[in-house]
>>> print(open('target.txt').read())   # compact mmCIF, C-alpha atoms
# COMPACT_ATOMS: atom_id res chain seq x y z
CA MET A 14 20.35 36.88 -6.93
CA THR A 15 20.84 36.64 -3.16
CA GLU A 16 17.83 37.33 -0.94
CA HIS A 17 18.25 39.00 2.48
CA LEU A 18 15.68 38.10 5.15
CA ASP A 19 15.08 38.45 8.87
CA VAL A 20 13.62 34.93 9.23
CA THR A 21 13.64 31.99 6.85
CA ILE A 22 11.39 28.98 7.40
CA VAL A 23 12.50 25.72 5.87
CA GLY A 24 9.48 23.58 4.99
CA GLY A 25 6.20 24.50 3.32
CA GLY A 26 3.93 22.12 5.16
CA ILE A 27 1.12 23.09 7.48
CA VAL A 28 3.40 23.66 10.49
CA GLY A 29 5.90 25.79 8.58
CA LEU A 30 3.16 27.88 7.00
CA ALA A 31 1.36 28.33 10.33
CA THR A 32 4.63 29.47 11.90
CA ALA A 33 5.17 31.98 9.13
CA LEU A 34 1.65 33.32 9.61
CA ARG A 35 2.02 33.61 13.39
CA LEU A 36 5.37 35.40 13.03
CA LEU A 37 3.93 37.94 10.60
CA GLU A 38 0.96 38.49 12.90
CA ALA A 39 3.36 39.20 15.77
CA ARG A 40 5.91 41.18 13.75
CA PRO A 41 4.29 42.54 10.55
CA GLU A 42 7.48 44.33 9.50
CA LEU A 43 9.56 41.15 9.24
CA ARG A 44 11.22 40.19 5.98
CA LEU A 45 10.17 36.55 5.99
CA GLY A 46 10.52 33.73 3.51
CA VAL A 47 9.42 30.10 3.31
CA ILE A 48 11.48 27.60 1.33
CA GLU A 49 9.84 24.37 0.14
CA GLN A 50 11.72 21.78 -1.91
CA GLU A 51 8.66 20.32 -3.64
CA PRO A 52 6.98 22.04 -6.61
CA GLU A 53 3.83 22.52 -4.50
CA LEU A 54 3.09 23.26 -0.85
CA ALA A 55 1.79 20.79 1.72
CA VAL A 56 2.15 17.68 -0.41
CA HIS A 57 3.51 15.24 2.18
CA GLN A 58 2.16 14.81 5.71
CA SER A 59 -0.04 17.90 5.39
CA GLY A 60 -1.71 16.47 2.29
CA HIS A 61 -1.61 12.77 3.21
CA ASN A 62 -3.42 12.54 6.51
CA SER A 63 -6.80 11.36 7.74
CA GLY A 64 -8.18 14.88 8.15
CA VAL A 65 -9.17 14.37 11.80
CA VAL A 66 -9.37 17.45 14.02
CA HIS A 67 -8.27 15.90 17.29
CA ALA A 68 -9.79 16.91 20.60
CA GLY A 69 -6.88 15.70 22.75
CA LEU A 70 -7.90 12.28 24.06
CA TYR A 71 -4.58 10.46 23.91
CA TYR A 72 -1.83 12.80 25.03
CA ALA A 73 -0.03 12.84 28.37
CA PRO A 74 -1.48 15.62 30.55
CA GLY A 75 0.94 18.53 30.73
CA SER A 76 2.73 17.57 27.52
CA LEU A 77 3.20 19.94 24.60
CA LYS A 78 0.86 17.73 22.57
CA ALA A 79 -1.93 18.04 25.14
CA ARG A 80 -1.58 21.80 25.56
CA LEU A 81 -1.03 22.73 21.93
CA CYS A 82 -3.70 20.35 20.61
CA ARG A 83 -6.33 21.96 22.80
CA GLU A 84 -5.21 25.49 21.96
CA GLY A 85 -4.66 24.69 18.30
CA LYS A 86 -8.04 23.07 17.81
CA ALA A 87 -9.81 26.20 19.06
CA SER A 88 -7.67 28.40 16.82
CA LEU A 89 -8.19 26.12 13.82
CA GLU A 90 -11.96 26.12 14.22
CA GLU A 91 -11.99 29.91 14.49
CA TYR A 92 -9.71 30.23 11.46
CA CYS A 93 -11.80 27.89 9.31
CA ALA A 94 -15.00 29.73 10.25
CA ALA A 95 -13.43 33.05 9.25
CA ARG A 96 -12.09 31.67 5.94
CA GLY A 97 -15.18 29.68 5.00
CA ILE A 98 -13.34 26.36 5.10
CA PRO A 99 -15.75 23.50 5.87
CA ILE A 100 -15.09 21.79 9.20
CA GLU A 101 -17.46 19.23 10.68
CA ARG A 102 -17.78 17.92 14.23
CA THR A 103 -18.50 14.30 13.49
CA GLY A 104 -17.53 13.03 16.93
CA LYS A 105 -15.23 10.11 17.68
CA LEU A 106 -16.30 6.82 19.23
CA VAL A 107 -13.56 4.73 20.84
CA VAL A 108 -14.90 1.20 21.29
CA ALA A 109 -13.83 -1.60 23.61
CA LEU A 110 -14.50 -5.02 22.15
CA THR A 111 -13.57 -7.20 25.15
CA ASP A 112 -13.48 -7.02 28.93
CA ASP A 113 -9.67 -6.90 28.77
CA GLU A 114 -9.89 -3.49 27.10
CA LEU A 115 -12.14 -1.89 29.72
CA PRO A 116 -9.35 -0.78 32.10
CA ARG A 117 -7.55 0.89 29.20
CA LEU A 118 -10.78 2.60 28.13
CA ALA A 119 -11.24 3.93 31.66
CA ALA A 120 -7.64 5.15 31.70
CA LEU A 121 -8.21 6.90 28.36
CA HIS A 122 -11.28 8.61 29.80
CA ASP A 123 -9.25 9.82 32.79
CA ARG A 124 -6.50 11.15 30.53
CA ALA A 125 -8.93 12.92 28.21
CA THR A 126 -10.72 14.44 31.21
CA ALA A 127 -7.39 15.70 32.56
CA ASN A 128 -6.75 17.29 29.16
CA GLY A 129 -10.03 19.19 29.32
CA VAL A 130 -11.71 17.45 26.40
CA PRO A 131 -15.33 18.66 26.48
CA GLY A 132 -18.49 16.57 26.36
CA LEU A 133 -16.91 13.19 27.08
CA GLU A 134 -19.32 10.35 27.65
CA LEU A 135 -18.62 6.75 28.69
CA VAL A 136 -21.27 4.73 26.89
CA GLY A 137 -22.65 1.20 26.93
CA SER A 138 -23.59 -1.02 24.03
CA GLU A 139 -27.04 0.54 23.53
CA ARG A 140 -25.59 4.06 23.22
CA ILE A 141 -22.90 2.73 20.88
CA ARG A 142 -25.68 1.49 18.58
CA GLU A 143 -27.33 4.91 18.70
CA LEU A 144 -24.11 6.67 17.73
CA GLU A 145 -22.76 4.07 15.30
CA PRO A 146 -25.51 1.54 14.49
CA HIS A 147 -23.15 -0.85 12.70
CA ALA A 148 -20.23 -0.76 15.16
CA ALA A 149 -19.30 -3.55 17.54
CA GLY A 150 -18.35 -2.90 21.14
CA ILE A 151 -19.35 -3.59 24.73
CA ARG A 152 -18.42 -0.14 25.97
CA GLY A 153 -17.16 3.06 24.44
CA LEU A 154 -15.87 6.58 24.93
CA TRP A 155 -17.71 9.25 22.97
CA SER A 156 -15.93 12.52 22.13
CA PRO A 157 -18.48 14.76 20.39
CA SER A 158 -16.05 17.62 19.75
CA THR A 159 -13.70 15.65 17.48
CA GLY A 160 -14.06 16.75 13.87
CA ILE A 161 -12.79 16.56 10.29
CA VAL A 162 -11.36 19.05 7.80
CA ASP A 163 -9.24 19.17 4.63
CA PHE A 164 -5.86 20.06 6.10
CA ARG A 165 -4.20 20.73 2.76
CA ARG A 166 -6.86 23.34 2.04
CA VAL A 167 -6.12 24.85 5.45
CA ALA A 168 -2.39 24.90 4.73
CA LEU A 169 -2.90 26.62 1.39
CA ALA A 170 -5.09 29.22 3.11
CA TYR A 171 -2.25 29.87 5.55
CA ALA A 172 0.04 30.36 2.54
CA ASP A 173 -2.33 32.90 1.01
CA ASP A 174 -2.37 34.83 4.28
CA VAL A 175 1.43 34.75 4.50
CA ARG A 176 1.72 36.23 1.02
CA GLU A 177 -0.92 38.87 1.78
CA ARG A 178 1.11 39.91 4.83
CA GLY A 179 4.23 40.39 2.75
CA GLY A 180 5.93 37.01 3.20
CA THR A 181 7.63 35.28 0.29
CA ILE A 182 7.19 31.59 -0.49
CA TRP A 183 9.50 29.68 -2.80
CA THR A 184 8.66 26.20 -4.06
CA GLY A 185 10.90 23.80 -5.94
CA ARG A 186 13.86 25.09 -3.97
CA ARG A 187 15.88 22.72 -1.78
CA VAL A 188 18.24 23.75 0.99
CA THR A 189 21.66 22.13 0.47
CA GLY A 190 23.80 23.77 3.16
CA PHE A 191 24.19 26.37 5.89
CA ASP A 192 27.10 28.74 6.44
CA GLN A 193 27.32 30.48 9.80
CA ARG A 194 28.54 34.06 9.90
CA ARG A 195 28.89 36.23 12.97
CA SER A 196 25.41 37.72 12.90
CA GLU A 197 23.70 35.91 10.05
CA LEU A 198 23.28 32.60 8.24
CA VAL A 199 23.69 31.83 4.57
CA LEU A 200 21.37 29.15 3.25
CA ARG A 201 22.71 27.43 0.17
CA THR A 202 19.80 26.38 -2.01
CA THR A 203 19.27 24.91 -5.44
CA ALA A 204 18.10 28.33 -6.64
CA GLY A 205 20.75 30.55 -5.07
CA ASP A 206 21.74 31.76 -1.62
CA VAL A 207 19.52 33.25 1.04
CA VAL A 208 21.12 35.44 3.71
CA THR A 209 19.02 35.45 6.86
CA SER A 210 19.27 36.48 10.49
CA ALA A 211 17.44 33.36 11.77
CA VAL A 212 16.06 30.03 10.59
CA ILE A 213 13.13 27.95 11.75
CA SER A 214 13.18 24.43 10.33
CA CYS A 215 9.81 22.72 9.93
CA ALA A 216 11.14 20.11 7.53
CA GLY A 217 8.98 17.12 8.50
CA LEU A 218 10.34 13.99 6.83
CA TRP A 219 13.71 15.71 6.46
CA ALA A 220 13.87 17.31 9.91
CA ASP A 221 16.93 15.34 11.01
CA ARG A 222 18.77 16.01 7.75
CA VAL A 223 18.22 19.75 8.00
CA ALA A 224 19.38 19.58 11.61
CA ALA A 225 22.53 17.81 10.42
CA LEU A 226 23.18 20.57 7.90
CA THR A 227 23.08 23.14 10.72
CA GLY A 228 25.25 21.09 13.08
CA ASP A 229 22.34 20.34 15.44
CA ALA A 230 22.28 16.56 14.94
CA GLY A 231 24.67 15.01 17.43
CA PRO A 232 24.82 11.29 18.22
CA ASP A 233 21.98 11.54 20.75
CA ALA A 234 19.65 13.56 18.50
CA PRO A 235 16.54 11.69 17.30
CA ARG A 236 16.46 10.31 13.78
CA ILE A 237 13.44 10.43 11.47
CA VAL A 238 12.21 6.96 10.52
CA PRO A 239 9.40 6.94 7.93
CA PHE A 240 6.41 4.67 8.46
CA ARG A 241 3.90 4.13 5.68
CA GLY A 242 0.21 3.77 6.45
CA ASP A 243 -2.15 2.37 3.80
CA TYR A 244 -5.90 2.93 3.81
CA TYR A 245 -8.79 1.24 2.10
CA THR A 246 -11.80 3.30 1.08
CA LEU A 247 -15.37 2.14 1.51
CA THR A 248 -17.43 1.89 -1.65
CA PRO A 249 -20.37 4.34 -1.79
CA ASP A 250 -22.89 1.67 -0.83
CA ALA A 251 -20.86 0.86 2.33
CA ARG A 252 -20.40 4.42 3.55
CA PRO A 253 -23.61 4.36 5.66
CA LEU A 254 -21.94 1.72 7.83
CA VAL A 255 -19.88 4.55 9.40
CA GLN A 256 -21.44 7.77 10.68
CA GLY A 257 -18.28 9.49 11.91
CA LEU A 258 -15.07 8.18 13.45
CA ILE A 259 -14.73 4.68 14.96
CA TYR A 260 -11.48 4.02 16.81
CA PRO A 261 -9.95 1.18 18.83
CA VAL A 262 -8.83 1.48 22.43
CA PRO A 263 -5.10 2.26 22.26
CA ASP A 264 -2.76 -0.35 23.66
CA PRO A 265 0.28 1.24 25.37
CA ARG A 266 2.33 -1.89 24.64
CA PHE A 267 2.33 -1.06 20.92
CA PRO A 268 3.74 2.02 19.20
CA PHE A 269 0.82 2.79 16.85
CA LEU A 270 -2.92 3.11 17.28
CA GLY A 271 -4.27 0.40 14.98
CA VAL A 272 -6.90 0.42 12.24
CA HIS A 273 -9.94 2.67 12.49
CA PHE A 274 -12.71 4.18 10.38
CA THR A 275 -12.61 7.83 9.36
CA LYS A 276 -15.33 9.80 7.63
CA ARG A 277 -13.82 12.44 5.36
CA ILE A 278 -14.98 15.98 4.75
CA ASP A 279 -15.87 15.03 1.14
CA GLY A 280 -18.14 12.20 2.35
CA ALA A 281 -15.71 9.36 1.67
CA VAL A 282 -14.86 6.88 4.42
CA TRP A 283 -11.32 5.61 4.96
CA ALA A 284 -10.47 2.38 6.78
CA GLY A 285 -7.00 1.85 8.20
CA PRO A 286 -4.14 2.50 8.33
CA ASN A 287 -1.61 -0.18 8.93
CA ALA A 288 1.90 0.92 9.98
CA VAL A 289 4.92 -0.50 8.15
CA LEU A 290 8.41 0.76 7.53
CA ALA A 291 8.53 2.93 4.41
CA PHE A 292 11.49 2.09 2.20
CA ALA A 293 11.80 5.74 1.17
CA ARG A 294 11.01 8.98 2.95
CA THR A 295 8.43 9.65 0.27
CA GLY A 296 7.59 5.97 -0.18
CA TYR A 297 3.82 6.12 -0.63
CA ARG A 298 3.74 2.87 -2.62
CA ARG A 299 5.04 -0.56 -1.65
CA ARG A 300 7.43 -0.52 -4.59
CA ASP A 301 8.94 2.87 -3.71
CA VAL A 302 12.50 2.25 -2.55
CA SER A 303 15.34 4.67 -1.85
CA ILE A 304 18.55 2.76 -1.15
CA PRO A 305 20.11 5.67 0.81
CA ASP A 306 16.94 6.17 2.89
CA LEU A 307 16.53 2.48 3.62
CA ALA A 308 20.20 1.93 4.38
CA GLY A 309 20.19 4.87 6.76
CA THR A 310 17.20 3.46 8.63
CA LEU A 311 18.52 -0.10 8.84
CA ALA A 312 21.92 1.08 10.06
CA TYR A 313 20.48 3.23 12.83
CA PRO A 314 20.82 1.55 16.25
CA GLY A 315 17.52 3.04 17.39
CA PHE A 316 15.62 1.31 14.59
CA LEU A 317 17.31 -2.02 15.25
CA ARG A 318 16.30 -1.83 18.91
CA LEU A 319 12.72 -0.85 17.96
CA ALA A 320 12.50 -3.71 15.45
CA ARG A 321 13.63 -6.27 17.99
CA ARG A 322 11.14 -4.99 20.56
CA TYR A 323 8.17 -5.07 18.20
CA LEU A 324 9.18 -7.85 15.81
CA ARG A 325 5.94 -9.79 16.21
CA THR A 326 3.76 -6.70 15.82
CA GLY A 327 5.78 -5.54 12.83
CA LEU A 328 5.42 -8.87 11.06
CA ALA A 329 1.65 -8.81 11.63
CA GLU A 330 1.46 -5.30 10.17
CA MET A 331 3.47 -6.38 7.13
CA TRP A 332 1.18 -9.36 6.61
CA ARG A 333 -1.90 -7.12 6.71
CA ASP A 334 -0.14 -4.78 4.30
CA TRP A 335 0.01 -7.54 1.68
CA SER A 336 -3.12 -9.49 2.56
CA LYS A 337 -6.43 -7.77 2.00
CA THR A 338 -8.16 -10.68 3.70
CA ALA A 339 -6.16 -10.13 6.89
CA PHE A 340 -6.75 -6.36 6.71
CA VAL A 341 -10.50 -6.83 6.26
CA ARG A 342 -10.64 -9.34 9.11
CA GLU A 343 -9.18 -6.71 11.44
CA LEU A 344 -11.65 -4.08 10.22
CA GLN A 345 -14.59 -6.45 10.70
CA ARG A 346 -13.84 -6.65 14.41
CA TYR A 347 -15.19 -3.09 14.60
CA VAL A 348 -17.79 -3.12 11.80
CA PRO A 349 -18.84 -6.78 11.38
CA GLU A 350 -21.18 -6.13 8.42
CA LEU A 351 -18.36 -4.84 6.23
CA ARG A 352 -17.66 -7.07 3.22
CA THR A 353 -14.42 -7.48 1.32
CA ASP A 354 -16.01 -6.31 -1.93
CA GLN A 355 -16.96 -3.03 -0.22
CA LEU A 356 -13.33 -1.97 0.13
CA THR A 357 -11.01 -0.58 -2.53
CA PHE A 358 -7.31 0.00 -1.98
CA GLY A 359 -6.98 3.68 -1.31
CA PRO A 360 -4.53 6.39 -0.35
CA SER A 361 -1.47 6.16 1.83
CA GLY A 362 0.63 8.47 3.94
CA VAL A 363 4.13 8.49 5.36
CA ARG A 364 4.56 9.50 8.98
CA ALA A 365 7.80 11.26 9.94
CA GLN A 366 8.43 9.59 13.29
CA ALA A 367 11.39 10.70 15.38
CA LEU A 368 13.15 7.76 16.96
CA ALA A 369 15.66 7.96 19.79
CA ARG A 370 18.91 6.05 19.75
CA ASP A 371 17.64 3.74 22.51
CA GLY A 372 14.80 2.58 20.26
CA THR A 373 11.98 4.56 21.84
CA LEU A 374 9.59 6.57 19.72
CA VAL A 375 9.66 10.27 20.54
CA ASP A 376 6.10 10.80 21.67
CA ASP A 377 5.79 14.52 22.30
CA PHE A 378 6.36 17.43 19.97
CA ASP A 379 10.08 18.17 20.00
CA LEU A 380 11.08 21.81 19.48
CA ALA A 381 14.79 22.48 19.86
CA GLY A 382 17.76 24.27 18.34
CA SER A 383 20.87 26.29 18.99
CA GLY A 384 22.32 29.60 17.97
CA ARG A 385 20.19 31.26 15.34
CA VAL A 386 18.25 28.12 14.38
CA LEU A 387 15.06 26.55 15.78
CA HIS A 388 14.05 23.04 14.78
CA VAL A 389 10.79 21.11 14.85
CA ARG A 390 12.40 17.71 15.36
CA ASN A 391 9.19 15.75 15.89
CA ALA A 392 5.66 16.76 14.92
CA PRO A 393 3.43 13.72 14.36
CA SER A 394 -0.33 13.74 14.88
CA PRO A 395 -1.95 15.96 16.14
CA ALA A 396 0.43 18.48 14.56
CA ALA A 397 -2.05 19.51 11.85
CA THR A 398 -4.78 20.16 14.43
CA ALA A 399 -2.26 22.02 16.60
CA SER A 400 -0.56 23.85 13.72
CA LEU A 401 -1.57 27.40 14.69
CA ALA A 402 -0.63 26.75 18.31
CA ILE A 403 2.73 25.21 17.32
CA GLY A 404 3.25 28.23 15.08
CA ARG A 405 2.47 30.59 17.96
CA GLU A 406 4.86 28.71 20.25
CA LEU A 407 7.66 28.83 17.68
CA ALA A 408 6.98 32.48 16.90
CA ALA A 409 7.18 33.39 20.59
CA ARG A 410 10.46 31.49 20.99
CA ALA A 411 11.87 33.09 17.86
CA VAL A 412 10.94 36.62 18.93
CA GLU A 413 12.67 36.09 22.25
CA ARG A 414 15.71 34.14 21.08
CA PHE A 415 16.42 36.12 17.95
CA ARG A 416 15.37 39.51 19.38
CA LEU A 417 13.00 40.10 16.48
>>> encode(input="target.txt", output="structure tokens")
Amino acid sequence: MTEHLDVTIVGGGIVGLATALRLLEARPELRLGVIEQEPELAVHQSGHNSGVVHAGLYYAPGSLKARLCREGKASLEEYCAARGIPIERTGKLVVALTDDELPRLAALHDRATANGVPGLELVGSERIRELEPHAAGIRGLWSPSTGIVDFRRVALAYADDVRERGGTIWTGRRVTGFDQRRSELVLRTTAGDVVTSAVISCAGLWADRVAALTGDAGPDAPRIVPFRGDYYTLTPDARPLVQGLIYPVPDPRFPFLGVHFTKRIDGAVWAGPNAVLAFARTGYRRRDVSIPDLAGTLAYPGFLRLARRYLRTGLAEMWRDWSKTAFVRELQRYVPELRTDQLTFGPSGVRAQALARDGTLVDDFDLAGSGRVLHVRNAPSPAATASLAIGRELAARAVERFRL
């Protein structure tokens, strides 16, 4: 049976579901469907993240990330309050360990201030001990409005609301092709065709492949490169060592943030992650290998340029990935009392990172498209925090572009 829709969203993660919800709020009469290839919703980035509700410390002022994070956080908090979803403002403490890090900490404070992050406080060592008694640091930046939530629970709540508003959600259904007609698109899927007036792709780890199916992936389009991040979890007796969120000062010379400590909404504490190339787009374990995925990454000029630029950093990350001793040594820089026996190897996630052909990581959210298709080409952290704002932005663009 062939379905006929006004808008079809490809991808049943938190961004796709938020976009569906925002569209139905704006246009309740729409015939809307969401297509997800996995048997369940929100099982990849939406269900494998740290659960941090970001306040907007890191993002370039004026960027989509900065604007949509701030807007999305407010919307998310309001949504969770209305749906009875627990959300906790634990606060985040960014700590400088050495004098060399102090200029970067000051620059981070200036950026966060420009982004309108409320309640910021530059703190000395005594205040650090008050906030996080077991943390190291000579100076810190305290963000009391940063919080934690279960983002998969949020995503599933979005899905319930989409269904209640008349939207249809299919799982276990993969898009295999697109046919363009004069005024509509035909999506070829593993469970039959879908005829639709417009498509919004929120495909995450497969964003570039869906773009290629629609003809929107030219030689200069970014490519998704998957990076795996492994966490350790603190044993119950070690959890009191961390009150909330303890983060390093970001180093702009390196592409990823570095290890940190994250309290979870269920009371657990995660430590990590590292950042290593995943050998499969869903490669959550070291032994997970997809030859086509890996070959595609290694053959991409952008990855080769990135690897050459960060070879030393990449090798250090790989060593920490295999050596618990090296991983723990890095963690102990921030919480010196932590012992090796207080850590158990825990969960992992795969980050869908868009990479340009020149080897630079695409930093901002990337929303693009042509004709009757919109694409989310890059939506790393803080996309979950910003999901309702990204959804509103995409809905507004869709209403205008597609004359919904």
>>> closest_residue(input="target.txt", among="A:Leu258, A:His67, A:Ser383, A:Thr373", to="Arg321 of chain A", atoms="all atoms listed in the file")
A:Thr373
>>> atom_distance(input="target.txt", atom1="atom CA of Thr398 of chain A", atom2="atom CA of Val65 of chain A")
7.7 Å
>>> atom_distance(input="target.txt", atom1="atom CA of Thr21 of chain A", atom2="atom CA of His57 of chain A")
20.1 Å
>>> atom_distance(input="target.txt", atom1="atom CA of Lys78 of chain A", atom2="atom CA of Gly231 of chain A")
24.5 Å
>>> residues_around(input="target.txt", residues="Ala230 of chain A", least_positions_apart="2", cutoff="12 Å", atoms="all atoms listed in the file", output="list in words")
Ala220, Asp221, Arg222, Val223, Ala224, Ala225, Leu226, Thr227, Gly228, Pro232, Asp233, Ala234, Pro235, Arg236, Ile237, Ala369, Ala381, Gly382, Ser383, His388 and Arg390 of chain A
>>> closest_residue(input="target.txt", among="A:Ala288, A:Ile161, A:Leu43, A:Ile48", to="Ala204 of chain A", atoms="only C-alpha atoms")
A:Ile48
>>> residues_around(input="target.txt", residues="Ala31 of chain A", least_positions_apart="4", cutoff="12 Å", atoms="all atoms listed in the file", output="JSON, numbers by chain")
{"A": [22, 24, 25, 26, 27, 35, 36, 37, 38, 47, 55, 59, 85, 88, 89, 92, 164, 167, 168, 169, 170, 171, 172, 173, 174, 175, 213, 215, 396, 397, 398, 399, 400, 401, 402, 403, 404, 405, 406, 407, 408]}
>>> write_last_selection(input="target.txt", atoms="C-alpha atoms", output="mmCIF file, in the frame of the given file")
data_model
loop_
_atom_site.group_PDB
_atom_site.id
_atom_site.type_symbol
_atom_site.label_atom_id
_atom_site.label_comp_id
_atom_site.auth_asym_id
_atom_site.auth_seq_id
_atom_site.Cartn_x
_atom_site.Cartn_y
_atom_site.Cartn_z
ATOM 1 C CA ILE A 22 11.390 28.980 7.400
ATOM 2 C CA GLY A 24 9.480 23.580 4.990
ATOM 3 C CA GLY A 25 6.200 24.500 3.320
ATOM 4 C CA GLY A 26 3.930 22.120 5.160
ATOM 5 C CA ILE A 27 1.120 23.090 7.480
ATOM 6 C CA ARG A 35 2.020 33.610 13.390
ATOM 7 C CA LEU A 36 5.370 35.400 13.030
ATOM 8 C CA LEU A 37 3.930 37.940 10.600
ATOM 9 C CA GLU A 38 0.960 38.490 12.900
ATOM 10 C CA VAL A 47 9.420 30.100 3.310
ATOM 11 C CA ALA A 55 1.790 20.790 1.720
ATOM 12 C CA SER A 59 -0.040 17.900 5.390
ATOM 13 C CA GLY A 85 -4.660 24.690 18.300
ATOM 14 C CA SER A 88 -7.670 28.400 16.820
ATOM 15 C CA LEU A 89 -8.190 26.120 13.820
ATOM 16 C CA TYR A 92 -9.710 30.230 11.460
ATOM 17 C CA PHE A 164 -5.860 20.060 6.100
ATOM 18 C CA VAL A 167 -6.120 24.850 5.450
ATOM 19 C CA ALA A 168 -2.390 24.900 4.730
ATOM 20 C CA LEU A 169 -2.900 26.620 1.390
ATOM 21 C CA ALA A 170 -5.090 29.220 3.110
ATOM 22 C CA TYR A 171 -2.250 29.870 5.550
ATOM 23 C CA ALA A 172 0.040 30.360 2.540
ATOM 24 C CA ASP A 173 -2.330 32.900 1.010
ATOM 25 C CA ASP A 174 -2.370 34.830 4.280
ATOM 26 C CA VAL A 175 1.430 34.750 4.500
ATOM 27 C CA ILE A 213 13.130 27.950 11.750
ATOM 28 C CA CYS A 215 9.810 22.720 9.930
ATOM 29 C CA ALA A 396 0.430 18.480 14.560
ATOM 30 C CA ALA A 397 -2.050 19.510 11.850
ATOM 31 C CA THR A 398 -4.780 20.160 14.430
ATOM 32 C CA ALA A 399 -2.260 22.020 16.600
ATOM 33 C CA SER A 400 -0.560 23.850 13.720
ATOM 34 C CA LEU A 401 -1.570 27.400 14.690
ATOM 35 C CA ALA A 402 -0.630 26.750 18.310
ATOM 36 C CA ILE A 403 2.730 25.210 17.320
ATOM 37 C CA GLY A 404 3.250 28.230 15.080
ATOM 38 C CA ARG A 405 2.470 30.590 17.960
ATOM 39 C CA GLU A 406 4.860 28.710 20.250
ATOM 40 C CA LEU A 407 7.660 28.830 17.680
ATOM 41 C CA ALA A 408 6.980 32.480 16.900
#
>>> residues_around(input="target.txt", residues="Ser138 of chain A", least_positions_apart="5", cutoff="7 Å", atoms="only C-alpha atoms", output="VMD selection string")
chain A and resid 150 to 152
>>> write_last_selection(input="target.txt", atoms="C-alpha atoms", output="PDB file, in the frame of the given file")
ATOM      1  CA  GLY A 150     -18.350  -2.900  21.140  1.00  0.00           C
ATOM      2  CA  ILE A 151     -19.350  -3.590  24.730  1.00  0.00           C
ATOM      3  CA  ARG A 152     -18.420  -0.140  25.970  1.00  0.00           C
TER       4      ARG A 152
END
>>> residues_near_point(input="target.txt", point="(-17.9, -5.8, 15.5)", cutoff="8 Å", atoms="only C-alpha atoms", output="NGL selection string")
:A and (110 or 147-150 or 345-350)
>>> residues_around(input="target.txt", residues="Leu154 of chain A", least_positions_apart="3", cutoff="6 Å", atoms="all atoms listed in the file", output="list of chain:residue names")
A:Leu106, A:Val107, A:Glu134, A:Leu135
>>> axis_aligned_box(input="target.txt", around="segment 238-252 of chain A", padding_each_side="5 Å", output="AutoDock Vina command-line options")
--center_x -5.3 --center_y 3.9 --center_z 4.4 --size_x 45.1 --size_y 16.1 --size_z 22.3
>>> residues_around(input="target.txt", residues="Gly362 of chain A", least_positions_apart="4", cutoff="7 Å", atoms="only C-alpha atoms", output="list in words")
Gln58, His61, Asn62, Arg241, Gly242, Asp243 and Tyr297 of chain A
>>> build_atoms(input="target.txt", residues="segment 140-151 of chain A", atoms="N, CA and C atoms", output="mmCIF file, keeping the file's coordinate frame")
data_model
loop_
_atom_site.group_PDB
_atom_site.id
_atom_site.type_symbol
_atom_site.label_atom_id
_atom_site.label_comp_id
_atom_site.auth_asym_id
_atom_site.auth_seq_id
_atom_site.Cartn_x
_atom_site.Cartn_y
_atom_site.Cartn_z
ATOM 1 N N ARG A 140 -25.957 2.720 23.698
ATOM 2 C CA ARG A 140 -25.590 4.060 23.220
ATOM 3 C C ARG A 140 -24.628 3.953 22.031
ATOM 4 N N ILE A 141 -23.768 2.956 22.044
ATOM 5 C CA ILE A 141 -22.900 2.730 20.880
ATOM 6 C C ILE A 141 -23.744 2.538 19.634
ATOM 7 N N ARG A 142 -24.808 1.737 19.743
ATOM 8 C CA ARG A 142 -25.680 1.490 18.580
ATOM 9 C C ARG A 142 -26.404 2.750 18.138
ATOM 10 N N GLU A 143 -26.710 3.643 19.079
ATOM 11 C CA GLU A 143 -27.330 4.910 18.700
ATOM 12 C C GLU A 143 -26.351 5.781 17.911
ATOM 13 N N LEU A 144 -25.108 5.811 18.366
ATOM 14 C CA LEU A 144 -24.110 6.670 17.730
ATOM 15 C C LEU A 144 -23.584 6.064 16.429
ATOM 16 N N GLU A 145 -23.289 4.788 16.463
ATOM 17 C CA GLU A 145 -22.760 4.070 15.300
ATOM 18 C C GLU A 145 -23.508 2.745 15.198
ATOM 19 N N PRO A 146 -24.634 2.727 14.490
ATOM 20 C CA PRO A 146 -25.510 1.540 14.490
ATOM 21 C C PRO A 146 -24.847 0.248 14.030
ATOM 22 N N HIS A 147 -23.764 0.356 13.261
ATOM 23 C CA HIS A 147 -23.150 -0.850 12.700
ATOM 24 C C HIS A 147 -21.837 -1.227 13.399
ATOM 25 N N ALA A 148 -21.492 -0.497 14.470
ATOM 26 C CA ALA A 148 -20.230 -0.760 15.160
ATOM 27 C C ALA A 148 -20.392 -1.828 16.222
ATOM 28 N N ALA A 149 -19.354 -2.605 16.431
ATOM 29 C CA ALA A 149 -19.300 -3.550 17.540
ATOM 30 C C ALA A 149 -18.796 -2.820 18.776
ATOM 31 N N GLY A 150 -18.900 -3.485 19.918
ATOM 32 C CA GLY A 150 -18.350 -2.900 21.140
ATOM 33 C C GLY A 150 -19.243 -3.155 22.334
ATOM 34 N N ILE A 151 -18.604 -3.395 23.485
ATOM 35 C CA ILE A 151 -19.350 -3.590 24.730
ATOM 36 C C ILE A 151 -19.391 -2.311 25.553
#
